[in-house]
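Data first, discussion second: the structure below is written as structure tokens.
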Amino acid sequence: MVIFGASGDLTGRRLVPALFSLYQGNLLPDQYVILGLGRTSLTDDEFRHRMLENIRQFGRKNSVPQKKLQQFATHLRYQQLDSKNTDSYRILKSRLKKIDRQKEAIDNYLFYLATPPQLFAPIAAHLGAQGLQQPSSDSGWRRIIVEKPFGRDHASATELNVQLTAVFAESQIYRIDHYLGKETVQNILAFRFANGIFEPLWNRNYIHHVEITAAEQIGVEDRSGYYDSAGALRDMVQNHLLEIVATIAMEPPVLFEPNAVRNEKVKIMQALAPVQIENVIRGQYIASMIRGENVAGYRQEKDIHPDSQTETFVAMKFQIDNWRWGGVPFYIRTGKRLPTRVTEVVIHFRETPHHLFKYVSGGTTAENQLILRIQPDEGILLKFGMKVPGAGYTIKNVGMDFHYSDLANSELPEAYERLLLDALNGDSTLFARADGVEAAWRFIDPILQAWASDRSIKLYGYPAGSWGPKEASLLFEQSGEDWRYPCSNLTGDDSYCEL
Ligand SMILES: NC(=O)c1ccc[n+]([C@@H]2O[C@H](COP(=O)([O-])OP(=O)(O)OC[C@H]3O[C@@H](n4cnc5c(N)ncnc54)[C@H](OP(=O)(O)O)[C@@H]3O)[C@@H](O)[C@H]2O)c1
């Protein structure tokens with residue numbers, strides 16, 4: 001495995017700890033080398049030392065025997081390389097050949113692009129120029145994992161696809177969206193397609209609307225440079241949220257195989273109806289006090305332009321134009337500095353056509369909701385109405401819940417563990433395909449263009465620690481409808497999450 005950007009944050013915090021977990025689980029091959037590349041000058045030993053520190057700090061919190069760490073470290077190597085310098089790739093090629101000759105790893109190369117995105121295409125072109133995209137034997141393989149962001153609009157994503165596919169075949173390219181590596185996102189597929197009881201209800205006849213929230217409690221932290229030029233729409237909606245929408249809305253694939261699954265997801269991306277700009281609310285957090293502490297507004301954060309127009313919150317309503325979903329609104333929202341960290345899907349089922357207990361139960365009707373909690377307190381909650389014991393027919397909403405934490409050995413693998421293992425095994429089911437990425441950008445582009453050109457479209461301020469601009473609630477069509485305001489625990493009360 002050859003990691004470009006091995007001296008960076010992603011490699012240290014995510015990739016190497018994930019690789020070590022795979023190693024601990026005996027999931028890596030017998031012979032392998034992890035070769036890190038970066039401009040920083042490091043010896044093999046310095047790189048090993050850094051990576052072992054990262055594993056201790058960011059790896060799974062179970063106790064790690066020193067011997068295991070040392071054994072894993074023997075597989076780590078480092079080479080200084082400037083991605084823009086042709087000579088560096090010649091040196092890389094001869095080092096890989098040497099590793100092959102010493103039979104430490106044999107002709108199977110997984111390249112990982114963990115560099116700034118403007119280097120993705122040049123690195124692929126340099127690898128192609130050295131012939132490194134072609135295995136030298138029939139049994140070998142070459143694959144390339146590309147980090148996000150994949151383009152910043154439809155044109156740049158399409159151009160990047162053209163540049164990558166000029167060197168690598170589509171089947172060799174693995175575009176990572178770490179949300180798809182989450183156990184709970186994969187479980188949406190199992191929940192829908194391994195059970196017979198939900199699928200008959202999974203359509204416009206029984207579902208009133210669908211709501212998806214991905215809330216972050218943190219602010220922009222140390223990602224200001226990237227974030228201020230991206231914003232929530234590019235950073236979260238174009239990739240993670242639309243992938244979740246596709247997973248919720250797709251038709252059952254004929255086979256559980258990469259292209260069959262991704263064909264169905266692409267059809268959803270293509271069926272997204274152009275969004276009306278008044279159905280998109282954008283916001284930016286402003287200074288506030290959270291739990292007695294002053295919290296800076298976005299524009300006061302380090303390295304953020306004091307007049308920045310970048311959105312840290314987006315909420316929108318849209319439709320999917322197909323037979324299953326025609327007329328069912330989808331509501332999605334994401335933001336930074338919201339009251340809690342939570343990602344969940346809420347399926348709101350239709351009410352009964354006739355409210356039998358309306359007059360005897362004081363007007364209470366049951367709310368049928370299915371909540372698929374992606375993080376934290378991963379699990380599933382089904383809400384329905386029940387008779388309150390005693391006289392009369394008072395209906396009360398109750399919940400039936402499943403928490404992953406109730407399972408024995410419930411520690412969920414990190415998303416990067418699953419995705420790295422799949423890429424090593426040549427399974428691209430959980431990676432985005434070129435046409436899917438382009439279709440997602442086609443949906444997002446008009447919003448970006450409207451925001452860039454129409455100064456009358458408001459960027460609402462919202463206090464850090466709140467659920468975003470109140471205008472997001474006005475997206476709902478009927479009075480009394482609103483977002484669910486979830487707490488960090490799945491079954492927490494629906495009322496506003498206390499700070
Ligand atoms: N960090 C995350 O949690 C995260 C999450 C999702 C996606 N990503 C994506 O992953 C990629 C890496 O992110 P990061 O946070 O790790 O960034 P980072 O900490 O800034 O690291 C960037 C890496 O790229 C290397 N690099 C930069 N210019 C180079 C050049 N000309 N030649 C060779 N190497 C070069 C740097 O090496 P030197 O400093 O040694 O030159 C460093 O190792 C980005 O595309 C980012 O969007 C990161």
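We label chains A, B, ... in the order they appear in the structure tokens, count residues from 1 in each chain, and number ligands from 1 in the order shown.
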Show me which residues sit within 6 Å of ligand 1 when counting only C-alpha atoms and all ligand atoms, and put them as a list in words. Gly5, Ala6, Ser7, Gly8, Asp9, Leu10, Thr11, Gly38, Arg39, Thr40, Leu81, Asp82, Ser83, Lys84, Ala114, Thr115, Pro116, Pro117, Glu147, Lys148 and Pro149 of chain A
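Taking only C-alpha atoms, the non-local environment of region 371-378 of chain A within 8 Å (same-chain residues fewer than 3 positions away omitted) comprises A:Lys182, A:Thr184, A:Val185, A:Ile188, A:Arg341, A:Val342, A:Thr343, A:Glu344, A:Val345, A:Val346, A:Ile347, A:Leu381, A:Leu382, A:His403, A:Tyr404, A:Ser405, A:Ser488, A:Asn489, A:Leu490.
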Please report, as a PyMOL selection string, each residue of region 94-295 of chain A to which DSSP assigns strand (DSSP E) when run on this structure's backbone. chain A and resi 108-113+141-146+173-175+207-215+280-286+288-290+293-295
Those residues you just picked out, can you put them in a file as a short mmCIF file (atom, residue, chain, number, x, y, z; two decimals), in the first residue's frame with C-alpha atoms?
```cif
data_model
loop_
_atom_site.label_atom_id
_atom_site.label_comp_id
_atom_site.auth_asym_id
_atom_site.auth_seq_id
_atom_site.Cartn_x
_atom_site.Cartn_y
_atom_site.Cartn_z
CA ASN A 108 -0.43 -5.89 -5.84
CA TYR A 109 -0.36 -2.13 -5.30
CA LEU A 110 -3.02 -0.09 -3.56
CA PHE A 111 -2.32 3.64 -3.99
CA TYR A 112 -4.02 5.97 -1.52
CA LEU A 113 -4.30 9.68 -2.34
CA TRP A 141 -3.60 -5.82 -9.45
CA ARG A 142 -3.35 -2.04 -9.13
CA ARG A 143 -6.00 0.09 -7.43
CA ILE A 144 -6.23 3.72 -6.40
CA ILE A 145 -8.25 5.19 -3.54
CA VAL A 146 -9.17 8.86 -3.96
CA ILE A 173 -10.71 3.62 -8.95
CA TYR A 174 -12.12 3.70 -5.41
CA ARG A 175 -13.67 7.09 -4.53
CA ILE A 207 -44.36 7.15 3.96
CA HIS A 208 -45.33 10.77 4.52
CA HIS A 209 -41.85 12.27 4.50
CA VAL A 210 -38.23 11.42 5.17
CA GLU A 211 -35.91 13.47 7.35
CA ILE A 212 -32.13 13.16 7.56
CA THR A 213 -29.92 15.07 10.00
CA ALA A 214 -26.13 15.12 10.23
CA ALA A 215 -25.29 17.48 13.08
CA VAL A 280 -32.76 25.64 0.62
CA ILE A 281 -31.88 27.46 3.84
CA ARG A 282 -28.27 28.32 4.56
CA GLY A 283 -26.83 29.61 7.81
CA GLN A 284 -23.61 30.53 9.54
CA TYR A 285 -23.00 30.26 13.29
CA ILE A 286 -22.54 33.41 15.28
CA SER A 288 -22.86 32.60 21.61
CA MET A 289 -22.54 31.14 25.08
CA ILE A 290 -22.62 27.38 25.51
CA GLU A 293 -18.62 29.54 28.02
CA ASN A 294 -18.24 32.10 25.26
CA VAL A 295 -18.02 30.44 21.86
#
```
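Picture a line from CA of Ala73 (chain A) to CA of Thr43 (chain A); it runs 13.0 Å.
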Within region 208-432 of chain A, find each residue whose DSSP state, derived from the backbone, is alpha helix (DSSP H), and express the selection as number ranges by chain. A: 224-230, 232, 242-249, 258-271, 415-425
What lies within 8 Å of Ser308 (chain A) using only C-alpha atoms, ignoring chain neighbours under 2 positions off, as a ChimeraX atom specification? /A:228,299,304-306,310
Compile the contact shell of Val237 (chain A) as a ChimeraX atom specification: residues with an atom at most 9 Å away, counting only C-alpha atoms, same-chain residues fewer than 2 positions apart removed. /A:232-235,239-243,314,332-334,444
For region 89-103 of chain A, find every residue with an atom within 10 Å (counting only C-alpha atoms), except residues of its own chain fewer than 6 positions away, and show them as an MDAnalysis selection string. chainID A and resid 2 31:33 35 37 79:83 109 123 126:127 129:132
Please produce an output containing C-alpha atoms for each residue in the selection, written as a PDB file, in the first residue's frame.
```
ATOM      1  CA  VAL A   2       1.447   3.331  -1.065  1.00  0.00           C
ATOM      2  CA  GLN A  31       3.208 -10.231   2.917  1.00  0.00           C
ATOM      3  CA  TYR A  32       2.676  -6.523   2.728  1.00  0.00           C
ATOM      4  CA  VAL A  33       4.462  -3.207   3.019  1.00  0.00           C
ATOM      5  CA  LEU A  35       5.008   2.795   2.119  1.00  0.00           C
ATOM      6  CA  LEU A  37       5.171   9.314   0.991  1.00  0.00           C
ATOM      7  CA  GLN A  79      10.046   7.863   1.303  1.00  0.00           C
ATOM      8  CA  GLN A  80      10.366  11.573   0.764  1.00  0.00           C
ATOM      9  CA  LEU A  81       8.550  12.530  -2.414  1.00  0.00           C
ATOM     10  CA  ASP A  82       7.304  15.725  -3.969  1.00  0.00           C
ATOM     11  CA  SER A  83       4.202  14.700  -5.902  1.00  0.00           C
ATOM     12  CA  TYR A 109      -0.360  -2.126  -5.303  1.00  0.00           C
ATOM     13  CA  ILE A 123      -0.265  11.997  -9.052  1.00  0.00           C
ATOM     14  CA  HIS A 126       2.773  10.527 -12.903  1.00  0.00           C
ATOM     15  CA  LEU A 127       1.898   6.965 -11.843  1.00  0.00           C
ATOM     16  CA  ALA A 129       3.842   7.800 -16.898  1.00  0.00           C
ATOM     17  CA  GLN A 130       5.877   5.265 -14.904  1.00  0.00           C
ATOM     18  CA  GLY A 131       3.524   2.434 -15.900  1.00  0.00           C
ATOM     19  CA  LEU A 132       2.680   1.886 -12.238  1.00  0.00           C
TER      20      LEU A 132
END
```
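Atom pair CA of Pro329 (chain A) / CA of Arg455 (chain A): separated by 27.1 Å.
Between Lys383 (chain A) and the residues A:Tyr462, A:Phe476, A:Phe402, A:Tyr485, the shortest atom-to-atom distance, using only C-alpha atoms, involves A:Phe402.
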May I have the residues within 9 Å of Leu19 (chain A) as a list in words, using only C-alpha atoms and disregarding those fewer than 3 positions away in the same chain? Arg14, Leu15, Val16, Leu22, Tyr23, Gln24, Leu28, Tyr416, Glu417, Leu420 and Leu421 of chain A
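Separating CA of Thr429 (chain A) from CA of Ala157 (chain A) is a distance of 20.1 Å.
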